[in-house]
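**Student:** Got protein_31.tsv for you, TSV, C-alpha atoms:
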```
chain	number	residue	atom	x	y	z
B	1	MET	CA	-24.62	-51.79	58.19
B	2	LYS	CA	-23.81	-54.39	60.84
B	3	LYS	CA	-26.33	-57.11	61.49
B	4	VAL	CA	-28.00	-56.67	64.89
B	5	PHE	CA	-31.30	-58.52	64.70
B	6	LEU	CA	-31.41	-62.29	65.02
B	7	GLU	CA	-34.48	-64.50	64.84
B	8	GLY	CA	-35.35	-66.07	68.21
B	9	ALA	CA	-33.16	-66.45	71.30
B	10	ILE	CA	-29.41	-65.77	71.11
B	11	SER	CA	-27.70	-69.09	71.79
B	12	PRO	CA	-24.82	-69.59	74.24
B	13	GLU	CA	-22.87	-71.08	71.29
B	14	PHE	CA	-23.26	-67.85	69.29
B	15	ILE	CA	-21.93	-65.89	72.28
B	16	ALA	CA	-19.00	-68.28	72.73
B	17	ASP	CA	-18.14	-68.00	69.02
B	18	SER	CA	-18.19	-64.20	69.27
B	19	ILE	CA	-15.65	-64.35	72.10
B	20	ALA	CA	-13.45	-66.80	70.18
B	21	LYS	CA	-13.43	-64.50	67.11
B	22	HIS	CA	-11.68	-61.79	69.16
B	23	GLN	CA	-8.73	-63.87	70.30
B	24	GLY	CA	-6.71	-62.79	67.28
B	25	LYS	CA	-7.10	-59.08	68.12
B	26	HIS	CA	-4.07	-58.53	70.31
B	27	SER	CA	-4.62	-54.87	71.18
B	28	ILE	CA	-7.62	-55.95	73.29
B	29	GLY	CA	-7.00	-56.36	77.02
B	30	ALA	CA	-10.59	-56.32	78.31
B	31	HIS	CA	-13.96	-57.57	77.14
B	32	ASN	CA	-17.26	-56.85	78.83
B	33	ILE	CA	-20.51	-58.58	78.01
B	34	PHE	CA	-24.09	-57.77	78.90
B	35	LEU	CA	-26.72	-60.47	78.41
B	36	GLY	CA	-30.39	-59.73	78.88
B	37	GLN	CA	-32.53	-62.77	79.70
B	38	VAL	CA	-36.32	-63.05	79.43
B	39	ARG	CA	-37.65	-63.02	82.97
B	40	GLY	CA	-40.69	-65.02	84.08
B	41	ASP	CA	-42.52	-62.13	85.74
B	42	GLU	CA	-45.82	-62.81	87.42
B	43	VAL	CA	-48.64	-60.33	86.80
B	44	GLU	CA	-51.91	-60.80	88.69
B	45	GLY	CA	-51.25	-64.51	89.09
B	46	LYS	CA	-50.28	-65.07	85.43
B	47	LYS	CA	-46.69	-66.02	84.59
B	48	VAL	CA	-44.85	-64.64	81.56
B	49	GLU	CA	-43.87	-67.54	79.31
B	50	SER	CA	-42.15	-65.68	76.45
B	51	ILE	CA	-41.73	-62.31	74.77
B	52	ASP	CA	-42.50	-61.57	71.11
B	53	PHE	CA	-40.18	-58.87	69.79
B	54	THR	CA	-40.92	-56.71	66.76
B	55	CYS	CA	-39.13	-53.60	65.54
B	56	TYR	CA	-39.15	-50.81	62.98
B	57	GLU	CA	-36.12	-52.34	61.35
B	58	GLU	CA	-35.02	-49.55	58.96
B	59	MET	CA	-35.18	-46.90	61.71
B	60	ALA	CA	-33.67	-49.27	64.30
B	61	ASN	CA	-30.68	-49.96	62.04
B	62	GLU	CA	-30.12	-46.24	61.44
B	63	LYS	CA	-30.36	-45.53	65.16
B	64	LEU	CA	-28.01	-48.39	66.04
B	65	HIS	CA	-25.50	-47.05	63.52
B	66	GLU	CA	-25.63	-43.62	65.24
B	67	ILE	CA	-25.27	-45.24	68.67
B	68	ARG	CA	-22.26	-47.23	67.47
B	69	GLU	CA	-20.58	-44.11	66.02
B	70	ALA	CA	-21.27	-42.19	69.25
B	71	ALA	CA	-19.83	-45.01	71.37
B	72	PHE	CA	-16.54	-44.93	69.45
B	73	GLU	CA	-16.41	-41.13	69.93
B	74	LYS	CA	-17.17	-41.34	73.62
B	75	PHE	CA	-15.06	-44.32	74.69
B	76	ASP	CA	-11.68	-45.72	73.75
B	77	LEU	CA	-12.92	-48.99	72.27
B	78	THR	CA	-11.32	-51.54	69.98
B	79	CYS	CA	-14.64	-53.00	68.88
B	80	MET	CA	-18.24	-53.49	69.91
B	81	HIS	CA	-21.18	-55.65	68.92
B	82	ILE	CA	-24.89	-55.41	69.66
B	83	TYR	CA	-27.32	-58.25	68.95
B	84	HIS	CA	-31.04	-58.27	69.70
B	85	SER	CA	-33.67	-60.94	69.17
B	86	LEU	CA	-36.75	-60.61	67.00
B	87	GLY	CA	-39.69	-62.99	67.18
B	88	ASN	CA	-40.40	-65.25	70.12
B	89	VAL	CA	-37.96	-65.76	73.01
B	90	LYS	CA	-38.99	-68.07	75.84
B	91	VAL	CA	-38.33	-67.38	79.53
B	92	GLY	CA	-34.64	-68.01	80.23
B	93	GLY	CA	-33.64	-67.18	76.65
B	94	ILE	CA	-31.13	-64.43	75.88
B	95	CYS	CA	-32.71	-61.54	73.96
B	96	ILE	CA	-29.92	-58.93	73.98
B	97	PHE	CA	-26.15	-59.40	73.77
B	98	VAL	CA	-23.84	-56.38	74.02
B	99	PHE	CA	-20.13	-57.11	73.67
B	100	VAL	CA	-17.53	-54.37	74.18
B	101	SER	CA	-13.74	-54.71	73.82
B	102	ALA	CA	-10.97	-52.23	74.62
B	103	PRO	CA	-7.30	-52.16	75.57
B	104	ARG	CA	-8.18	-51.59	79.25
B	105	ARG	CA	-11.07	-52.45	81.55
B	106	LYS	CA	-12.40	-49.07	82.77
B	107	GLN	CA	-13.78	-48.16	79.34
B	108	VAL	CA	-15.61	-51.43	78.78
B	109	TYR	CA	-17.69	-51.18	81.98
B	110	GLU	CA	-18.81	-47.63	81.20
B	111	ALA	CA	-19.41	-48.28	77.51
B	112	THR	CA	-21.48	-51.41	78.12
B	113	GLU	CA	-23.87	-49.69	80.50
B	114	TRP	CA	-24.18	-46.68	78.19
B	115	LEU	CA	-24.88	-48.90	75.18
B	116	VAL	CA	-27.53	-51.04	76.89
B	117	ASN	CA	-29.31	-47.89	78.10
B	118	GLN	CA	-29.19	-46.40	74.59
B	119	VAL	CA	-30.63	-49.54	72.99
B	120	LYS	CA	-33.47	-49.64	75.51
B	121	SER	CA	-34.38	-45.97	75.27
B	122	GLU	CA	-33.58	-45.00	71.65
B	123	VAL	CA	-34.15	-48.02	69.41
B	124	PRO	CA	-37.71	-48.75	68.18
B	125	ILE	CA	-38.08	-52.31	69.46
B	126	PHE	CA	-41.35	-53.52	70.97
B	127	GLY	CA	-41.79	-56.49	73.29
B	128	LYS	CA	-45.07	-58.26	73.94
B	129	GLU	CA	-45.17	-60.49	77.01
B	130	ILE	CA	-47.08	-63.72	76.38
B	131	PHE	CA	-48.56	-65.41	79.46
B	132	GLU	CA	-49.03	-69.14	80.07
B	133	ASN	CA	-52.78	-68.77	79.43
B	134	GLU	CA	-52.02	-67.18	75.99
B	135	GLU	CA	-53.12	-63.72	77.12
B	136	SER	CA	-50.56	-60.98	76.53
B	137	GLN	CA	-49.53	-57.47	77.46
B	138	TRP	CA	-47.12	-54.97	75.88
B	139	LYS	CA	-43.88	-54.80	77.83
B	140	VAL	CA	-42.92	-51.50	79.47
B	141	ASN	CA	-39.26	-50.80	80.18
B	142	SER	CA	-38.50	-49.66	83.72
W	1	MET	CA	-48.37	-41.51	48.29
W	2	ILE	CA	-47.38	-41.31	51.92
W	3	GLN	CA	-46.52	-44.56	53.65
W	4	VAL	CA	-47.81	-44.93	57.20
W	5	LYS	CA	-46.49	-47.62	59.51
W	6	TYR	CA	-47.92	-48.77	62.82
W	7	PHE	CA	-46.06	-50.70	65.51
W	8	GLY	CA	-46.76	-52.63	68.71
W	9	VAL	CA	-49.92	-51.77	70.57
W	10	ILE	CA	-50.72	-49.06	67.99
W	11	ALA	CA	-50.71	-51.63	65.15
W	12	GLU	CA	-53.13	-53.76	67.18
W	13	ALA	CA	-55.41	-50.79	67.85
W	14	ALA	CA	-55.34	-49.67	64.20
W	15	GLN	CA	-55.73	-53.29	63.06
W	16	ARG	CA	-53.01	-52.86	60.46
W	17	ASP	CA	-49.23	-52.62	60.13
W	18	SER	CA	-49.21	-50.08	57.32
W	19	GLU	CA	-51.25	-48.14	54.79
W	20	SER	CA	-50.70	-45.66	51.97
W	21	ILE	CA	-52.48	-42.35	51.76
W	22	PRO	CA	-52.49	-39.75	48.97
W	23	ALA	CA	-50.03	-36.88	49.43
W	24	GLU	CA	-51.86	-33.72	48.43
W	25	LYS	CA	-50.75	-30.56	50.22
W	26	VAL	CA	-51.10	-32.11	53.60
W	27	THR	CA	-49.33	-31.32	56.85
W	28	LEU	CA	-48.06	-33.91	59.28
W	29	SER	CA	-50.28	-32.61	62.07
W	30	LYS	CA	-53.40	-32.92	59.85
W	31	ILE	CA	-52.56	-36.50	58.86
W	32	LEU	CA	-51.83	-37.44	62.45
W	33	SER	CA	-55.11	-36.08	63.75
W	34	ASP	CA	-57.06	-37.73	60.88
W	35	LEU	CA	-55.42	-41.12	61.39
W	36	SER	CA	-55.62	-40.87	65.15
W	37	SER	CA	-59.38	-40.31	65.06
W	38	ARG	CA	-59.98	-42.83	62.23
W	39	HIS	CA	-58.24	-45.59	64.19
W	40	ASN	CA	-59.21	-44.42	67.72
W	41	LEU	CA	-55.62	-43.89	68.85
W	42	GLY	CA	-56.47	-41.04	71.24
W	43	GLU	CA	-55.95	-43.07	74.40
W	44	TYR	CA	-52.49	-44.33	73.41
W	45	ASN	CA	-49.09	-42.90	74.16
W	46	PHE	CA	-46.91	-42.73	71.05
W	47	GLN	CA	-44.13	-40.83	69.30
W	48	VAL	CA	-44.10	-40.10	65.60
W	49	ALA	CA	-41.20	-40.63	63.21
W	50	LEU	CA	-40.98	-38.93	59.82
W	51	ASN	CA	-38.60	-40.68	57.43
W	52	ARG	CA	-37.19	-42.67	60.35
W	53	LYS	CA	-36.45	-39.66	62.60
W	54	ILE	CA	-38.47	-38.82	65.70
W	55	VAL	CA	-40.41	-35.59	65.17
W	56	SER	CA	-40.61	-33.24	68.14
W	57	ASN	CA	-42.30	-30.23	66.56
W	58	PHE	CA	-44.55	-31.07	63.63
W	59	THR	CA	-47.26	-28.42	63.59
W	60	GLU	CA	-46.39	-26.93	60.20
W	61	GLN	CA	-44.40	-29.82	58.76
W	62	GLU	CA	-45.55	-30.29	55.12
W	63	LEU	CA	-45.39	-33.76	53.66
W	64	SER	CA	-44.39	-34.79	50.18
W	65	ASP	CA	-44.79	-37.85	48.00
W	66	GLY	CA	-42.77	-40.81	49.28
W	67	ASP	CA	-42.56	-39.66	52.89
W	68	GLU	CA	-42.80	-42.35	55.54
W	69	ILE	CA	-44.61	-41.77	58.84
W	70	ALA	CA	-44.47	-44.19	61.75
W	71	PHE	CA	-46.57	-44.40	64.91
W	72	LEU	CA	-44.25	-45.65	67.66
W	73	PRO	CA	-45.47	-46.71	71.10
W	74	PRO	CA	-42.93	-46.62	73.99
W	75	PHE	CA	-39.82	-48.64	73.13
W	76	SER	CA	-39.35	-51.84	75.11
W	77	GLY	CA	-36.31	-53.61	73.74
W	78	GLY	CA	-33.69	-55.34	75.85
```
Could you write out this structure as structure tokens?
**Tutor:**
Amino acid sequence: MKKVFLEGAISPEFIADSIAKHQGKHSIGAHNIFLGQVRGDEVEGKKVESIDFTCYEEMANEKLHEIREAAFEKFDLTCMHIYHSLGNVKVGGICIFVFVSAPRRKQVYEATEWLVNQVKSEVPIFGKEIFENEESQWKVNS
Amino acid sequence: MIQVKYFGVIAEAAQRDSESIPAEKVTLSKILSDLSSRHNLGEYNFQVALNRKIVSNFTEQELSDGDEIAFLPPFSGG
């Protein structure tokens, strides 16, 4: 089982290291990366300061495994990685990192969008938006 | 015993993350309606997972010892 969940925000250094690790894989001709960043939405005058992420980890890992298998069936990929934060991520922090690599570029665009949509709709992850005044509301994906 | 897990807004409403209940000839629909009324979950939107799979038709689903049920509010990852 590949590790997907990381505590807190995903650092730019972690992302840079992930790219560097692929430079030895010479069948790859195209990478595509999606980064989701916590947005400082304003709701009724209150600004979102961070999101607390929780998940049903055993089910999430099973689902992510299925999504990964399906992605390799559906697209001609060399490799792919999905990382998602757990715990608190402040506004501006990266909370999801999807990294897709293939010999050619067409596949990576399609696969990245498909994967991000799958993670959002199929994986039991729950985000709670924390406002500056310490009130909160459960996030709803649009 | 049957393990029950609660997540997100449902865990807040039920004031717990998990609980164990005895498994004696019980159906999933019976357990769900009992737990839903015990914890006042009627107003919430949720899906149910049995042993980590979403259940779409659970009317006659019988449970056995060691089963794991989860109350899952709408997913909001990403």
**Student:** Could you please tell me, as an NGL selection string, which residues of chain B have an atom within 10 Å of chain W when using all atoms listed in the file?
**Tutor:** :B and (35-38 or 53-63 or 83-86 or 94-97 or 116-117 or 119-128 or 137-142)
**Student:** Could you tell me how far CA of His31 (chain B) sits from CA of Lys3 (chain B), in Å to one decimal place?
**Tutor:** 20.0 Å
**Student:** List as a list in words the residues having at least one atom at most 9 Å from position (-46.2, -37.7, 48.2) as given in the file, counting only C-alpha atoms.
**Tutor:**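 Here is the list of nearby residues: Met1, Ile2, Gln3, Ile21, Pro22, Ala23, Glu24, Lys25, Leu63, Ser64, Asp65, Gly66 and Asp67 of chain W.
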**Student:** What's the separation between CA of Glu110 (chain B) and CA of Lys25 (chain B), in Å to one decimal place?
**Tutor:**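 For CA of Glu110 (chain B) relative to CA of Lys25 (chain B), the distance reads 21.0 Å.
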**Student:** Between B:Gly92, B:Pro103, B:Gly45, B:Gly24, which has the minimum distance to Ser11 (chain B) (counting all atoms listed in the file)?
**Tutor:**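 Nearest to Ser11 (chain B): B:Gly92.
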**Student:** So, counting only C-alpha atoms, which residue among W:Thr27, W:Asn40, W:Gln47, W:Ser18 is closest to Gln61 (chain W)?
**Tutor:** W:Thr27
**Student:** Kindly give the distance, in Å, that separates CA of Asn57 (chain W) and CA of His39 (chain W), rounded to a single decimal.
**Tutor:**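 Value for the CA of Asn57 (chain W)-CA of His39 (chain W) distance: 22.3 Å.
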**Student:** My list of candidates is W:Leu50, W:Val55, W:Glu60, W:Gln15. Which is closest to Arg38 (chain W) when distances are computed with all atoms listed in the file?
**Tutor:**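 That would be W:Gln15, the residue with the smallest distance to Arg38 (chain W).
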**Student:** The residues within 12 Å of (-48.3, -61.9, 85.1), using all atoms listed in the file and the coordinates of the file, should be reported as a ChimeraX atom specification; which are they?
**Tutor:** /B:39-50,129-139
